[in-house]
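Here's data_17.csv, which has CSV, C-alpha atoms:
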chain,number,residue,atom,x,y,z
A,1,MET,CA,0.0,0.0,0.0
A,2,SER,CA,1.4,3.4,-1.0
A,3,LYS,CA,1.7,6.2,1.5
A,4,GLU,CA,-0.5,9.2,0.8
A,5,LYS,CA,0.2,12.8,2.0
A,6,ILE,CA,-1.3,16.2,1.3
A,7,ILE,CA,0.8,19.3,1.1
A,8,LEU,CA,-0.7,22.8,1.4
A,9,GLY,CA,1.4,25.5,-0.3
A,10,ILE,CA,0.8,29.2,0.7
A,11,ASP,CA,2.0,32.4,-1.0
A,12,PRO,CA,1.1,34.9,1.8
A,13,GLY,CA,0.0,38.4,0.9
A,14,THR,CA,-2.3,41.2,2.1
A,15,THR,CA,-3.6,41.9,-1.4
A,16,ILE,CA,-3.9,38.3,-2.6
A,17,MET,CA,-3.1,35.1,-0.7
A,18,GLY,CA,-2.5,32.3,-3.0
A,19,PHE,CA,-2.7,28.6,-2.1
A,20,GLY,CA,-2.3,25.3,-3.8
A,21,LEU,CA,-2.8,21.7,-2.7
A,22,ILE,CA,-1.1,18.6,-4.0
A,23,LYS,CA,-1.5,15.0,-3.0
A,24,ILE,CA,1.4,12.6,-2.9
A,25,VAL,CA,0.8,9.0,-3.5
A,26,GLY,CA,3.9,7.0,-3.2
A,27,LYS,CA,6.4,9.1,-5.1
A,28,LYS,CA,3.9,10.6,-7.5
A,29,MET,CA,2.4,14.1,-7.3
A,30,GLU,CA,-1.3,14.8,-8.0
A,31,PHE,CA,-2.9,18.2,-8.3
A,32,LEU,CA,-5.8,18.8,-5.9
A,33,GLN,CA,-6.7,22.5,-5.8
A,34,LEU,CA,-5.5,26.0,-6.2
A,35,ASN,CA,-7.2,29.3,-5.4
A,36,GLU,CA,-6.8,32.8,-4.1
A,37,LEU,CA,-8.1,34.8,-1.2
A,38,MET,CA,-8.8,38.3,-2.7
A,39,LEU,CA,-8.1,40.9,-0.1
A,40,LYS,CA,-7.9,44.1,-2.2
A,41,LYS,CA,-11.4,45.2,-1.4
A,42,TYR,CA,-10.7,45.5,2.4
A,43,ASP,CA,-9.0,48.6,3.8
A,44,ASP,CA,-8.5,47.4,7.4
A,45,HIS,CA,-5.2,45.6,7.6
A,46,TYR,CA,-6.3,43.7,10.8
A,47,LEU,CA,-9.4,42.4,9.0
A,48,LYS,CA,-7.2,41.1,6.2
A,49,LEU,CA,-5.1,39.3,8.8
A,50,LYS,CA,-8.2,37.8,10.4
A,51,LEU,CA,-9.4,36.6,7.0
A,52,ILE,CA,-6.0,35.0,6.1
A,53,PHE,CA,-6.1,33.2,9.5
A,54,GLU,CA,-9.7,32.0,9.0
A,55,ARG,CA,-9.2,30.9,5.4
A,56,THR,CA,-6.0,29.0,6.3
A,57,VAL,CA,-7.8,27.2,9.1
A,58,GLU,CA,-10.7,26.4,6.7
A,59,LEU,CA,-8.3,24.9,4.2
A,60,ILE,CA,-6.7,22.8,6.9
A,61,ASP,CA,-10.0,21.6,8.3
A,62,THR,CA,-11.3,20.8,4.7
A,63,TYR,CA,-8.2,19.1,3.2
A,64,HIS,CA,-6.4,17.9,6.3
A,65,PRO,CA,-2.9,18.6,4.9
A,66,ASP,CA,0.0,16.6,6.5
A,67,GLU,CA,2.4,19.5,5.9
A,68,ILE,CA,2.4,23.2,5.0
A,69,ALA,CA,5.0,24.9,2.7
A,70,ILE,CA,5.0,28.6,2.9
A,71,GLU,CA,6.9,31.2,0.8
A,72,ALA,CA,9.1,33.3,3.1
A,73,PRO,CA,9.0,37.0,2.5
A,74,PHE,CA,11.9,38.3,0.3
A,75,PHE,CA,13.7,41.4,1.5
A,76,GLY,CA,12.5,44.5,-0.2
A,77,LYS,CA,13.2,48.2,0.1
A,78,ASN,CA,9.8,49.2,1.4
A,79,VAL,CA,9.7,48.5,5.1
A,80,GLN,CA,6.0,49.0,5.5
A,81,SER,CA,5.3,46.4,2.7
A,82,MET,CA,7.7,43.9,4.4
A,83,LEU,CA,6.0,44.4,7.7
A,84,LYS,CA,2.6,43.7,6.2
A,85,LEU,CA,3.8,40.7,4.3
A,86,GLY,CA,5.5,39.3,7.4
A,87,ARG,CA,2.3,39.7,9.4
A,88,ALA,CA,0.4,37.9,6.6
A,89,GLN,CA,2.9,35.1,6.7
A,90,GLY,CA,2.8,35.0,10.5
A,91,VAL,CA,-1.0,34.6,10.7
A,92,ALA,CA,-1.0,31.9,8.1
A,93,MET,CA,1.7,30.1,10.1
A,94,ALA,CA,-0.2,30.6,13.3
A,95,ALA,CA,-3.2,29.0,11.7
A,96,GLY,CA,-1.2,25.9,10.8
A,97,LEU,CA,0.5,25.8,14.2
A,98,SER,CA,-2.9,26.0,15.8
A,99,ARG,CA,-3.9,22.8,14.0
A,100,GLU,CA,-0.5,21.3,14.7
A,101,VAL,CA,0.4,21.0,11.0
A,102,PRO,CA,4.2,21.1,10.5
A,103,ILE,CA,5.3,24.1,8.5
A,104,THR,CA,8.4,24.7,6.3
A,105,GLU,CA,9.4,28.1,4.9
A,106,TYR,CA,11.1,28.4,1.5
A,107,ALA,CA,12.8,31.4,0.0
A,108,PRO,CA,11.3,32.5,-3.3
A,109,LYS,CA,14.5,31.7,-5.2
A,110,LYS,CA,14.6,28.2,-3.7
A,111,ILE,CA,11.0,27.6,-4.9
A,112,LYS,CA,11.8,28.9,-8.4
A,113,MET,CA,14.9,26.7,-8.5
A,114,ALA,CA,13.0,23.6,-7.5
A,115,ILE,CA,10.3,24.2,-10.2
A,116,THR,CA,12.3,25.5,-13.1
A,117,GLY,CA,16.0,24.9,-12.3
A,118,ASN,CA,16.5,28.7,-12.3
A,119,GLY,CA,16.3,30.7,-9.1
A,120,ASN,CA,15.6,33.9,-11.1
A,121,ALA,CA,12.8,32.5,-13.2
A,122,SER,CA,9.7,34.7,-13.7
A,123,LYS,CA,6.3,34.0,-12.2
A,124,GLU,CA,5.1,33.1,-15.7
A,125,GLN,CA,7.9,30.6,-16.2
A,126,VAL,CA,7.1,28.9,-12.9
A,127,ALA,CA,3.4,28.8,-13.8
A,128,LYS,CA,4.1,27.3,-17.2
A,129,MET,CA,6.3,24.6,-15.7
A,130,LEU,CA,3.7,23.7,-13.1
A,131,GLN,CA,1.0,23.6,-15.8
A,132,SER,CA,3.2,21.1,-17.7
A,133,MET,CA,4.2,19.0,-14.6
A,134,LEU,CA,0.7,18.7,-13.2
A,135,GLY,CA,-1.3,18.6,-16.4
A,136,LEU,CA,-3.3,21.8,-15.7
A,137,LYS,CA,-5.6,22.9,-18.5
A,138,THR,CA,-5.3,26.6,-17.8
A,139,ILE,CA,-3.2,29.1,-15.8
A,140,PRO,CA,-5.1,31.6,-13.7
A,141,LYS,CA,-5.0,35.3,-14.5
A,142,ASN,CA,-3.4,36.1,-11.1
A,143,LEU,CA,-0.4,33.9,-10.5
A,144,ASP,CA,-0.5,34.0,-6.7
A,145,SER,CA,-2.3,30.7,-6.5
A,146,MET,CA,0.4,29.2,-8.8
A,147,ASP,CA,3.0,30.6,-6.3
A,148,GLY,CA,1.3,28.7,-3.5
A,149,LEU,CA,1.2,25.6,-5.6
A,150,ALA,CA,4.9,26.1,-6.4
A,151,ALA,CA,5.7,26.1,-2.6
A,152,ALA,CA,3.9,22.8,-2.2
A,153,VAL,CA,5.7,21.2,-5.2
A,154,CYS,CA,9.0,22.6,-3.9
A,155,HIS,CA,8.4,21.0,-0.5
A,156,PHE,CA,7.7,17.6,-2.2
A,157,TYR,CA,10.9,17.9,-4.2
A,158,ASN,CA,12.9,18.8,-1.1
A,159,GLU,CA,11.5,16.1,1.1
A,160,GLY,CA,14.1,14.0,2.9
A,161,ARG,CA,16.8,16.7,2.4
A,162,VAL,CA,18.7,17.6,5.6
A,163,GLU,CA,18.3,21.4,5.2
A,164,VAL,CA,15.1,22.5,3.5
A,165,GLY,CA,14.3,25.7,5.4
A,166,LYS,CA,12.8,26.5,8.8
A,167,SER,CA,10.4,23.9,10.0
A,168,TYR,CA,8.0,24.1,13.0
A,169,SER,CA,5.9,21.3,14.3
A,170,GLY,CA,4.1,23.4,16.9
A,171,TRP,CA,4.3,26.5,19.1
A,172,SER,CA,7.0,25.0,21.4
A,173,ALA,CA,9.2,24.1,18.4
A,174,PHE,CA,8.7,27.7,17.0
A,175,VAL,CA,9.7,29.3,20.3
A,176,LYS,CA,12.7,26.9,20.7
A,177,GLN,CA,14.0,27.7,17.3
A,178,ASN,CA,13.5,31.5,17.7
A,179,GLU,CA,14.6,32.0,21.3
A,180,GLY,CA,16.4,35.2,20.5
A,181,ARG,CA,13.1,36.7,19.4
A,182,VAL,CA,11.2,35.9,22.6
A,183,LYS,CA,11.0,38.6,25.3
A,184,LYS,CA,11.8,37.3,28.8

Would you mind writing the file's structure down as structure tokens?
Amino acid sequence: MSKEKIILGIDPGTTIMGFGLIKIVGKKMEFLQLNELMLKKYDDHYLKLKLIFERTVELIDTYHPDEIAIEAPFFGKNVQSMLKLGRAQGVAMAAGLSREVPITEYAPKKIKMAITGNGNASKEQVAKMLQSMLGLKTIPKNLDSMDGLAAAVCHFYNEGRVEVGKSYSGWSAFVKQNEGRVKK
């Protein structure tokens, strides 16, 4: 009997949160779902964070992923944008941790490298490669959901590697790996 596993990939954002789900059967990958949470219409940043948390919990409760792969924020010049993106990632991670789903973070370049073989590939190149790999009929207009799917596929490809990114299996693991960030 082959082992099955579901991986939820998340591309966090406060404008659009993209997500994709894949099912692993043995050593084969199957496409399950991809979608986006559209947050543009909301002005209140805290409401956006609440919606990200609730949608992530809803995905976990619906699909019961065994693991979550999340794209880590890249370092940009706009501090306010980075802060908002970090908060979006944080609440998505908190949702996973609240359901005790192990989480692994991946840098955008690592995800692109895993999918296309080029860490500097464009979003369109990543989307086209995923379309080919998973037999998707179409590519969505917004590529955020494809970025979430790419995180899940990257996680599958990096499975069993010693160093894949930061992983957390629960709050205690997160705190232990981030002791320097905890106020005493």

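With all atoms listed in the file as the basis for measurement, A:Met17 is the residue among A:Ile115, A:Ile103, A:Met17, A:Val153 that approaches Lys48 (chain A) most closely.
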
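Nearest to Gly117 (chain A) of all the residues A:Pro12, A:Phe19, A:Leu149, A:Tyr157 is A:Tyr157, based on all atoms listed in the file.
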
Per residue of region 139-163 of chain A within 10 Å of region 59-80 of chain A, note the shortest atom pair and the distance in Å to one decimal, counting all atoms listed in the file, and order the rows by chain and increasing residue number, as a tab-separated table.
residue	atom	partner	partner_atom	distance
A:Asp147	CA	A:Glu71	CA	8.1
A:Gly148	CA	A:Ile70	CA	7.4
A:Leu149	CA	A:Ala69	CA	9.2
A:Ala150	CA	A:Glu71	CA	9.0
A:Ala151	CA	A:Ala69	CA	5.5
A:Ala152	CA	A:Ala69	CA	5.4
A:Val153	CA	A:Ala69	CA	8.8
A:Cys154	CA	A:Ala69	CA	8.1
A:His155	CA	A:Ala69	CA	6.1
A:Phe156	CA	A:Ala69	CA	9.2

So that I can check the surroundings of region 21-36 of chain A, please list as a PDB file with C-alpha atoms, keeping the file's coordinate frame every protein, DNA and RNA residue that reaches within 7 Å of it, counting all atoms listed in the file and ignoring chain neighbours fewer than 5 positions away.
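File written: part.pdb
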ATOM      1  CA  SER A   2       1.400   3.400  -1.000  1.00  0.00           C
ATOM      2  CA  LYS A   3       1.700   6.200   1.500  1.00  0.00           C
ATOM      3  CA  GLU A   4      -0.500   9.200   0.800  1.00  0.00           C
ATOM      4  CA  LYS A   5       0.200  12.800   2.000  1.00  0.00           C
ATOM      5  CA  ILE A   6      -1.300  16.200   1.300  1.00  0.00           C
ATOM      6  CA  ILE A   7       0.800  19.300   1.100  1.00  0.00           C
ATOM      7  CA  LEU A   8      -0.700  22.800   1.400  1.00  0.00           C
ATOM      8  CA  GLY A   9       1.400  25.500  -0.300  1.00  0.00           C
ATOM      9  CA  ILE A  16      -3.900  38.300  -2.600  1.00  0.00           C
ATOM     10  CA  LEU A 134       0.700  18.700 -13.200  1.00  0.00           C
ATOM     11  CA  ASP A 144      -0.500  34.000  -6.700  1.00  0.00           C
ATOM     12  CA  SER A 145      -2.300  30.700  -6.500  1.00  0.00           C
ATOM     13  CA  LEU A 149       1.200  25.600  -5.600  1.00  0.00           C
ATOM     14  CA  ALA A 152       3.900  22.800  -2.200  1.00  0.00           C
TER      15      ALA A 152
END

Fewer than 2 positions away in the same chain doesn't count, so skip those; otherwise give me all residues within 6 Å of region 89-101 of chain A, counting all atoms listed in the file, as number ranges by chain. A: 12, 53, 57, 67, 86-87, 170

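Take CA of Tyr106 (chain A) and CA of Glu58 (chain A): the distance between them is 22.5 Å.
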
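Nearest residue to Leu130 (chain A), choosing from A:Ile10, A:Ala88, A:Leu49, A:Gly20 and counting only C-alpha atoms: A:Gly20.
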
Pull the neighbourhood of (8.1, 28.5, -13.7) for me: all residues within 12 Å in file coordinates, counting only C-alpha atoms, as a ChimeraX atom specification. /A:108-133,139,143,146-147,149-151,153-154
